[in-house]
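Q: Below is the file final.cif, with mmCIF, C-alpha atoms.
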```
data_entry
loop_
_atom_site.label_atom_id
_atom_site.label_comp_id
_atom_site.auth_asym_id
_atom_site.auth_seq_id
_atom_site.Cartn_x
_atom_site.Cartn_y
_atom_site.Cartn_z
CA MET M 1 59.63 -47.35 3.63
CA ALA M 2 60.37 -44.11 5.38
CA VAL M 3 61.77 -44.30 8.86
CA ASP M 4 59.63 -42.70 11.54
CA ALA M 5 62.14 -40.32 13.02
CA SER M 6 59.94 -39.54 15.98
CA ASN M 7 60.01 -43.15 16.98
CA LEU M 8 63.56 -44.33 16.58
CA THR M 9 64.47 -47.44 18.48
CA LEU M 10 67.37 -47.42 20.89
CA LEU M 11 69.19 -49.65 18.43
CA GLN M 12 68.80 -47.14 15.63
CA LEU M 13 69.88 -44.27 17.81
CA ASP M 14 72.86 -46.30 18.99
CA ALA M 15 73.83 -46.93 15.38
CA LEU M 16 73.89 -43.19 14.74
CA LYS M 17 75.82 -42.57 17.93
CA GLU M 18 78.30 -45.22 16.91
CA VAL M 19 78.89 -43.36 13.65
CA GLY M 20 79.45 -40.29 15.78
CA ASN M 21 81.99 -42.14 17.88
CA ILE M 22 83.88 -43.36 14.84
CA GLY M 23 83.85 -39.84 13.47
CA ALA M 24 85.09 -38.58 16.80
CA GLY M 25 87.96 -41.03 16.59
CA HIS M 26 88.96 -39.74 13.16
CA ALA M 27 88.58 -36.18 14.35
CA ALA M 28 90.72 -36.76 17.41
CA THR M 29 93.54 -38.03 15.25
CA SER M 30 93.38 -35.00 12.95
CA LEU M 31 93.03 -32.59 15.83
CA ALA M 32 95.99 -34.14 17.65
CA ASP M 33 98.06 -33.60 14.51
CA LEU M 34 96.94 -29.99 14.34
CA LEU M 35 97.49 -29.22 18.00
CA GLY M 36 100.57 -31.35 18.51
CA GLU M 37 99.04 -32.84 21.61
CA HIS M 38 96.96 -35.81 22.58
CA VAL M 39 93.21 -35.31 22.27
CA VAL M 40 90.37 -37.62 23.19
CA ILE M 41 86.93 -36.87 21.80
CA THR M 42 83.89 -38.44 23.35
CA VAL M 43 80.26 -38.36 22.27
CA PRO M 44 78.26 -38.55 25.47
CA ASN M 45 74.86 -37.87 23.94
CA ALA M 46 73.11 -38.31 20.65
CA SER M 47 69.46 -37.65 20.02
CA ILE M 48 67.01 -36.92 17.27
CA VAL M 49 65.19 -33.62 17.64
CA ALA M 50 62.34 -32.18 15.60
CA THR M 51 63.72 -29.28 13.57
CA ALA M 52 60.77 -27.11 14.51
CA GLN M 53 61.73 -27.39 18.17
CA LEU M 54 65.48 -27.29 17.69
CA ALA M 55 66.16 -23.65 18.41
CA THR M 56 64.28 -23.74 21.70
CA ALA M 57 64.90 -27.33 22.79
CA VAL M 58 68.69 -27.11 22.97
CA SER M 59 70.35 -26.29 26.25
CA ARG M 60 71.56 -22.71 26.66
CA PRO M 61 69.88 -21.48 23.47
CA GLU M 62 70.76 -17.86 24.20
CA SER M 63 74.46 -18.41 24.83
CA THR M 64 76.81 -16.83 22.32
CA VAL M 65 78.47 -19.46 20.18
CA VAL M 66 80.84 -19.62 17.27
CA GLY M 67 79.00 -21.77 14.76
CA VAL M 68 80.59 -23.51 11.80
CA LEU M 69 78.03 -24.37 9.15
CA LEU M 70 78.34 -26.58 6.12
CA ARG M 71 75.92 -27.62 3.43
CA ILE M 72 76.11 -31.36 2.89
CA SER M 73 74.91 -32.65 -0.45
CA GLY M 74 74.80 -36.08 -1.98
CA GLN M 75 72.73 -39.07 -1.07
CA ALA M 76 71.91 -37.92 2.45
CA GLY M 77 72.15 -34.17 2.50
CA GLY M 78 71.39 -31.40 4.92
CA VAL M 79 73.19 -28.77 6.92
CA MET M 80 75.70 -29.52 9.65
CA VAL M 81 76.37 -27.05 12.42
CA TYR M 82 79.19 -27.34 14.92
CA ALA M 83 78.78 -24.84 17.73
CA PHE M 84 81.33 -23.89 20.38
CA ASP M 85 80.51 -21.67 23.30
CA GLU M 86 82.28 -18.37 22.91
CA ALA M 87 84.54 -19.03 25.90
CA ASP M 88 85.55 -22.42 24.55
CA ALA M 89 86.21 -20.89 21.13
CA ARG M 90 88.58 -18.41 22.73
CA ARG M 91 90.36 -21.22 24.57
CA MET M 92 90.64 -23.13 21.32
CA ALA M 93 92.27 -20.10 19.71
CA ASP M 94 94.74 -19.93 22.61
CA THR M 95 95.67 -23.58 22.07
CA LEU M 96 96.02 -23.20 18.33
CA THR M 97 98.27 -20.17 18.65
CA MET M 98 100.18 -21.77 21.53
CA GLN M 99 99.35 -18.99 23.96
CA PRO M 100 98.43 -19.28 27.63
CA PRO M 101 94.72 -19.81 28.35
CA GLY M 102 92.97 -16.48 28.74
CA THR M 103 95.06 -14.67 26.12
CA THR M 104 92.36 -14.45 23.47
CA GLN M 105 89.84 -11.88 24.64
CA GLU M 106 87.45 -11.68 21.74
CA ILE M 107 86.41 -13.45 18.57
CA GLY M 108 87.90 -11.50 15.67
CA GLU M 109 88.48 -12.48 12.06
CA LEU M 110 91.49 -14.64 12.90
CA GLU M 111 89.67 -16.51 15.64
CA ARG M 112 86.64 -17.06 13.41
CA SER M 113 88.89 -18.46 10.73
CA MET M 114 90.68 -20.81 13.13
CA VAL M 115 87.53 -22.12 14.73
CA GLY M 116 86.10 -22.47 11.24
CA GLU M 117 89.00 -24.66 10.21
CA VAL M 118 88.64 -26.84 13.29
CA GLY M 119 84.89 -27.14 12.83
CA ASN M 120 85.40 -27.96 9.16
CA MET M 121 87.87 -30.69 10.05
CA LEU M 122 85.67 -32.18 12.75
CA THR M 123 82.62 -32.15 10.52
CA GLY M 124 84.68 -33.71 7.75
CA ALA M 125 85.65 -36.51 10.11
CA PHE M 126 82.02 -37.20 10.91
CA VAL M 127 81.02 -37.14 7.24
CA THR M 128 83.90 -39.49 6.40
CA ALA M 129 82.75 -41.89 9.11
CA LEU M 130 79.20 -41.67 7.82
CA ALA M 131 80.35 -42.34 4.26
CA GLU M 132 82.45 -45.32 5.36
CA PHE M 133 79.64 -46.85 7.37
CA THR M 134 76.86 -46.26 4.90
CA ASN M 135 78.63 -46.31 1.52
CA LEU M 136 76.63 -43.23 0.67
CA ARG M 137 78.14 -40.29 -1.24
CA PHE M 138 78.55 -36.92 0.45
CA GLU M 139 79.95 -33.57 -0.60
CA MET M 140 80.69 -30.71 1.77
CA SER M 141 80.47 -27.01 0.96
CA PRO M 142 83.14 -24.65 2.26
CA PRO M 143 82.36 -23.69 5.86
CA MET M 144 80.47 -20.60 6.90
CA ILE M 145 81.10 -19.10 10.31
CA ALA M 146 78.54 -17.25 12.38
CA VAL M 147 78.96 -15.73 15.84
CA ASP M 148 75.53 -15.42 17.42
CA THR M 149 73.23 -17.19 19.83
CA LEU M 150 72.69 -20.87 19.19
CA ALA M 151 68.95 -20.20 18.92
CA THR M 152 69.48 -17.69 16.13
CA ILE M 153 71.89 -19.88 14.19
CA LEU M 154 69.72 -22.98 14.36
CA SER M 155 66.48 -21.17 13.61
CA GLU M 156 68.11 -19.30 10.75
CA VAL M 157 69.31 -22.56 9.22
CA SER M 158 65.95 -24.27 9.62
CA VAL M 159 64.14 -21.34 8.02
CA THR M 160 66.46 -20.46 5.16
CA ALA M 161 68.10 -23.71 4.10
CA ALA M 162 66.32 -25.46 1.28
CA ALA M 163 64.95 -29.00 1.33
CA LEU M 164 65.39 -29.71 5.03
CA GLY M 165 63.28 -32.42 6.55
CA ASP M 166 61.64 -32.46 9.93
CA TYR M 167 64.42 -33.91 12.06
CA ALA M 168 67.95 -33.23 13.16
CA LEU M 169 70.60 -35.35 14.82
CA GLU M 170 72.13 -33.63 17.80
CA MET M 171 75.37 -34.82 19.38
CA ASP M 172 77.28 -33.36 22.26
CA THR M 173 81.02 -33.77 21.87
CA THR M 174 83.69 -33.30 24.50
CA PHE M 175 87.35 -32.73 23.73
CA VAL M 176 89.73 -33.71 26.46
CA GLN M 177 93.28 -32.48 26.29
CA ALA M 178 96.05 -32.11 28.81
CA ARG M 179 95.19 -28.44 29.29
CA GLY M 180 91.48 -28.94 29.80
CA ARG M 181 88.15 -29.77 28.23
CA LEU M 182 86.13 -28.12 25.51
CA GLU M 183 82.63 -28.87 24.43
CA GLY M 184 81.17 -28.66 21.00
CA ARG M 185 77.57 -29.22 20.03
CA PHE M 186 77.05 -30.83 16.69
CA PHE M 187 73.82 -30.74 14.72
CA TYR M 188 72.96 -32.42 11.48
CA LEU M 189 69.73 -30.97 10.11
CA MET M 190 68.83 -33.62 7.64
CA ASP M 191 67.16 -33.33 4.28
CA GLU M 192 63.87 -35.12 4.01
CA ASN M 193 65.21 -38.45 2.83
CA ALA M 194 68.52 -38.41 4.60
CA LEU M 195 67.59 -40.26 7.77
CA THR M 196 65.89 -43.05 5.87
CA ALA M 197 68.82 -43.32 3.46
CA ILE M 198 71.31 -43.55 6.32
CA LEU M 199 69.44 -46.07 8.42
CA THR M 200 68.56 -48.16 5.38
CA SER M 201 72.17 -48.43 4.39
CA LEU M 202 73.11 -49.28 7.95
CA GLY M 203 70.64 -52.12 7.62
CA MET M 204 68.58 -50.60 10.38
CA ALA M 205 65.55 -49.18 8.64
CA GLY M 206 63.52 -51.64 10.63
CA MET I 1 58.55 -20.88 16.27
CA SER I 2 56.02 -19.42 13.86
CA GLU I 3 53.14 -19.92 16.23
CA ILE I 4 50.93 -17.05 17.24
CA ARG I 5 50.50 -16.44 20.93
CA ILE I 6 48.24 -14.02 22.73
CA SER I 7 47.75 -13.22 26.36
CA ARG I 8 45.54 -11.27 28.69
CA GLN I 9 47.30 -12.57 31.77
CA GLU I 10 48.99 -9.77 33.64
CA LEU I 11 52.05 -11.78 34.56
CA ASP I 12 52.63 -13.20 31.09
CA VAL I 13 55.63 -12.38 28.98
CA LEU I 14 55.58 -13.32 25.32
CA SER I 15 58.94 -13.83 23.69
CA ALA I 16 60.47 -14.82 20.41
CA MET I 17 64.03 -16.05 20.56
CA GLY I 18 66.58 -16.54 17.83
CA LEU I 19 65.18 -13.96 15.43
CA GLY I 20 67.72 -13.88 12.64
CA SER I 21 65.98 -13.02 9.42
CA CYS I 22 62.68 -13.79 11.15
CA ILE I 23 60.45 -10.98 12.46
CA GLY I 24 59.00 -10.90 15.96
CA LEU I 25 55.67 -9.15 15.42
CA CYS I 26 54.22 -7.60 18.59
CA MET I 27 50.73 -6.16 18.88
CA TYR I 28 49.17 -4.64 21.99
CA ASP I 29 45.80 -3.19 22.94
CA PRO I 30 46.52 -0.91 25.92
CA THR I 31 42.88 -0.60 26.98
CA ALA I 32 41.84 -4.24 26.83
CA ARG I 33 45.40 -5.25 27.80
CA VAL I 34 45.67 -7.92 25.15
CA ALA I 35 49.17 -8.83 23.99
CA GLY I 36 49.96 -10.81 20.86
CA MET I 37 53.08 -12.05 19.16
CA ALA I 38 53.90 -13.91 15.98
CA HIS I 39 57.26 -15.32 14.91
CA VAL I 40 57.24 -14.64 11.18
CA MET I 41 59.71 -16.61 9.08
CA LEU I 42 58.91 -15.90 5.44
CA PRO I 43 57.34 -13.04 3.51
CA GLU I 44 54.60 -14.77 1.55
CA SER I 45 52.53 -17.88 1.88
CA ARG I 46 52.71 -18.43 -1.87
CA SER I 47 56.47 -19.05 -1.90
CA GLY I 48 56.12 -22.81 -2.21
CA SER I 49 56.31 -23.57 1.48
CA THR I 50 53.69 -25.69 3.13
CA GLY I 51 51.69 -25.05 6.23
CA SER I 52 50.00 -21.73 5.65
CA GLU I 53 46.70 -23.15 6.84
CA SER I 54 48.01 -24.73 9.98
CA LEU I 55 50.72 -22.21 10.73
CA PRO I 56 49.56 -18.79 9.53
CA GLY I 57 52.07 -17.15 11.85
CA LYS I 58 54.87 -18.40 9.64
CA PHE I 59 54.21 -16.00 6.75
CA ALA I 60 54.00 -12.23 6.96
CA ASP I 61 50.91 -11.95 4.79
CA THR I 62 48.90 -14.45 6.84
CA ALA I 63 50.40 -13.75 10.26
CA VAL I 64 49.21 -10.17 10.56
CA PRO I 65 45.51 -10.83 9.91
CA ALA I 66 45.63 -14.07 11.91
CA LEU I 67 47.19 -12.36 14.93
CA LEU I 68 44.65 -9.53 14.67
CA GLN I 69 41.78 -12.00 14.51
CA GLN I 70 42.96 -13.96 17.54
CA MET I 71 43.41 -10.79 19.55
CA GLU I 72 39.99 -9.44 18.55
CA ARG I 73 38.44 -12.69 19.71
CA VAL I 74 39.53 -11.97 23.25
CA GLY I 75 38.45 -8.37 23.27
CA ALA I 76 41.12 -6.35 21.47
CA SER I 77 39.98 -3.61 19.17
CA ARG I 78 41.81 -2.96 15.91
CA ALA I 79 41.58 0.80 16.27
CA ARG I 80 43.43 0.68 19.59
CA LEU I 81 46.20 -1.70 18.49
CA ARG I 82 49.82 -0.61 18.60
CA VAL I 83 52.45 -2.58 16.70
CA ALA I 84 56.20 -3.10 17.00
CA ILE I 85 58.55 -5.39 15.09
CA ALA I 86 62.09 -6.64 15.61
CA GLY I 87 64.39 -8.88 13.62
CA GLY I 88 64.92 -8.96 9.87
CA ALA I 89 68.70 -9.31 10.08
CA GLU I 90 70.99 -10.94 7.54
CA VAL I 91 72.77 -13.41 9.78
CA PHE I 92 74.19 -15.43 6.94
CA ALA I 93 74.99 -13.34 3.89
CA SER I 94 73.92 -15.42 0.91
CA SER I 95 75.86 -18.66 1.10
CA SER I 96 75.54 -22.30 0.19
CA VAL I 97 73.81 -22.86 3.51
CA SER I 98 71.38 -20.02 3.12
CA PRO I 99 70.78 -19.24 -0.53
CA ILE I 100 67.70 -17.07 -0.04
CA LEU I 101 68.69 -13.48 -0.80
CA ALA I 102 67.99 -10.66 1.61
CA ILE I 103 65.30 -12.64 3.40
CA GLY I 104 65.55 -10.43 6.48
CA ARG I 105 64.85 -7.25 4.56
CA ARG I 106 62.06 -8.92 2.61
CA ASN I 107 60.44 -10.16 5.81
CA ALA I 108 60.52 -6.67 7.31
CA GLU I 109 59.00 -5.14 4.17
CA ALA I 110 56.33 -7.82 4.00
CA VAL I 111 55.32 -7.33 7.63
CA ARG I 112 55.17 -3.53 7.23
CA ALA I 113 53.00 -3.94 4.14
CA ALA I 114 50.69 -6.42 5.87
CA VAL I 115 50.31 -4.09 8.87
CA GLN I 116 49.40 -1.28 6.51
CA ARG I 117 46.81 -3.48 4.82
CA ILE I 118 44.91 -3.82 8.11
CA GLY I 119 44.90 -0.06 8.49
CA LEU I 120 47.62 0.24 11.11
CA ARG I 121 51.13 1.69 11.30
CA LEU I 122 54.20 0.54 13.16
CA THR I 123 54.80 2.35 16.43
CA ALA I 124 58.40 1.16 16.58
CA GLU I 125 60.80 -1.17 14.83
CA ASP I 126 64.29 -2.56 15.40
CA VAL I 127 65.23 -4.37 12.21
CA GLY I 128 68.23 -5.05 10.02
CA GLY I 129 71.86 -5.55 10.83
CA SER I 130 73.55 -8.92 10.89
CA THR I 131 72.93 -10.14 14.41
CA GLY I 132 70.16 -12.20 15.89
CA ARG I 133 67.65 -10.73 18.34
CA THR I 134 65.29 -11.85 21.05
CA VAL I 135 62.13 -9.80 21.54
CA VAL I 136 60.02 -9.80 24.67
CA LEU I 137 56.52 -8.32 25.13
CA GLU I 138 55.10 -7.84 28.62
CA ALA I 139 51.37 -8.46 28.78
CA ALA I 140 50.83 -6.17 31.76
CA THR I 141 52.35 -3.05 30.26
CA GLY I 142 52.98 -3.57 26.55
CA LEU I 143 56.68 -3.01 27.11
CA VAL I 144 58.74 -4.36 24.22
CA GLN I 145 62.38 -5.18 24.87
CA VAL I 146 64.97 -6.33 22.37
CA ARG I 147 68.14 -8.16 23.20
CA MET I 148 70.99 -8.73 20.77
CA VAL I 149 73.71 -11.30 21.11
CA GLY I 150 76.15 -10.46 23.86
CA GLY I 151 74.12 -7.42 24.88
CA LYS I 152 71.65 -6.47 27.50
CA ALA I 153 67.94 -6.16 26.86
CA ALA I 154 67.02 -2.66 25.74
CA ASP I 155 63.58 -1.13 25.78
CA LEU I 156 62.27 -0.57 22.27
CA VAL I 157 58.92 0.96 23.06
CA CYS I 158 56.12 0.75 25.59
CA LEU I 159 53.02 -0.06 23.57
CA GLY I 160 50.86 0.47 26.65
CA GLN I 161 51.62 4.16 26.92
CA ALA I 162 49.63 6.89 25.25
CA ARG I 163 51.26 8.39 22.18
#
```
Any chance you could give the structure as structure tokens?
A:
Amino acid sequence: MAVDASNLTLLQLDALKEVGNIGAGHAATSLADLLGEHVVITVPNASIVATAQLATAVSRPESTVVGVLLRISGQAGGVMVYAFDEADARRMADTLTMQPPGTTQEIGELERSMVGEVGNMLTGAFVTALAEFTNLRFEMSPPMIAVDTLATILSEVSVTAAALGDYALEMDTTFVQARGRLEGRFFYLMDENALTAILTSLGMAG
Amino acid sequence: MSEIRISRQELDVLSAMGLGSCIGLCMYDPTARVAGMAHVMLPESRSGSTGSESLPGKFADTAVPALLQQMERVGASRARLRVAIAGGAEVFASSSVSPILAIGRRNAEAVRAAVQRIGLRLTAEDVGGSTGRTVVLEAATGLVQVRMVGGKAADLVCLGQAR
């Protein structure tokens, strides 16, 4: 029986957030390896949003972001988007190239590529956590990077991606390192059956 | 998104945000001061998508006549209407995320064709490129402004002014 995404219980939402937390744990380990410094990733918020409202319901829809997009296929498919505010993306580039904060002034090809790799890794950590928890199969496409407003990126995905359902999981993520904090906003625009498949396998289809 | 909105309220501003391949269709009757906007997502209502009855604004071929009809209902006259469009970019070149080819260009062509079919021509357009846009239409004046990512809003055209 299909889950009513508009009416998820707190328990169901918590289950999804827990998957996010586990994924964040995996991601923090990988990111710490990459950066050579301790990173803590927290998931302060998770919610389910109607795809039709996504582009306008997010906070700061008109801010410029570097978005990393991946097509997820398998038993619970969709499109995942990891979006970093442009300023945070520049700071991330500084960290990755071991330069003082404020060095990177604009998002060029190199910066896009670096943020793309980080986004790819973080998304991979979430998908791994999801696969471990649910025993569902997932495949990830190579990442695509877009620098635009969050509203444009999300609306573009919801219009042009095939087979998307009506709901998306949105999670705010915060990265805490010695040199400061970054925020990334993660979206999982789910295919029509994905949410039901996930909650069913978590034993929470209610 | 994809809804049609009209206004006769002087202080109203209609806007469409996050126009990637989508088209923000603006129509204005300078005499009756009726403003209308549709956020068009796809070229044709036949393409297998659902919702053309409930959301005519979603498809170019249904959005144009639907917007016209709603504006006429509150006193706009077709002969006086002036039209501007913005959007139609290719934000994601064809990729695994976005496999639909050249959707931005196809949306722009479909909207132009639909506008022609109701006997009108575009007064102004700002389409193409690879960056998203936001378009804003002021109900009081018919001023159309377009903003691109990282940029300031720029006036495209004032649909309220005489040619």
Q: Quick one: residues within 10 Å of Leu19 in chain I, all atoms listed in the file counted, chain neighbours fewer than 4 positions away excluded, as a ChimeraX atom specification?
A: /M:149,151-153,155-156 /I:1,23-24,39-41,86-89,91,104,131-135,148
Q: Can you tell me, as a list in words, what residues are no more than 10 Å from Ala52 in chain M when counting all atoms listed in the file, ignoring any on the same chain fewer than 4 positions away?
A: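 Using all atoms listed in the file, the neighbours found are Thr56, Ala57, Leu154, Ser155, Ser158, Val159, Gly165, Asp166, Tyr167 and Ala168 of chain M; Met1 and Ser2 of chain I.
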Q: May I ask for the distance between CA of Glu132 in chain M and CA of Val68 in chain M, given in Å to one decimal place?
A: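 Spanning CA of Glu132 in chain M to CA of Val68 in chain M is a straight-line distance of 22.8 Å.
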Q: Can you list what the PyMOL selection byres ((chain I) within 6 of (chain M)) grabs from this structure, as a VMD selection string?
A: chain I and resid 18 to 20 97 to 98 132 149
Q: Choose the residue, out of I:Ala16, I:Met27, I:Val74, I:Ala108, that has the smallest atom-to-atom separation from Asp61 in chain I; count all atoms listed in the file.
A: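 Of I:Ala16, I:Met27, I:Val74, I:Ala108, the one nearest Asp61 in chain I, counting all atoms listed in the file, is I:Ala108.
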Q: Applied to this file, what does the PyMOL selection byres ((chain I and resi 68-72) around 10) return in terms of residues, put as a count of residues only?
A: 27
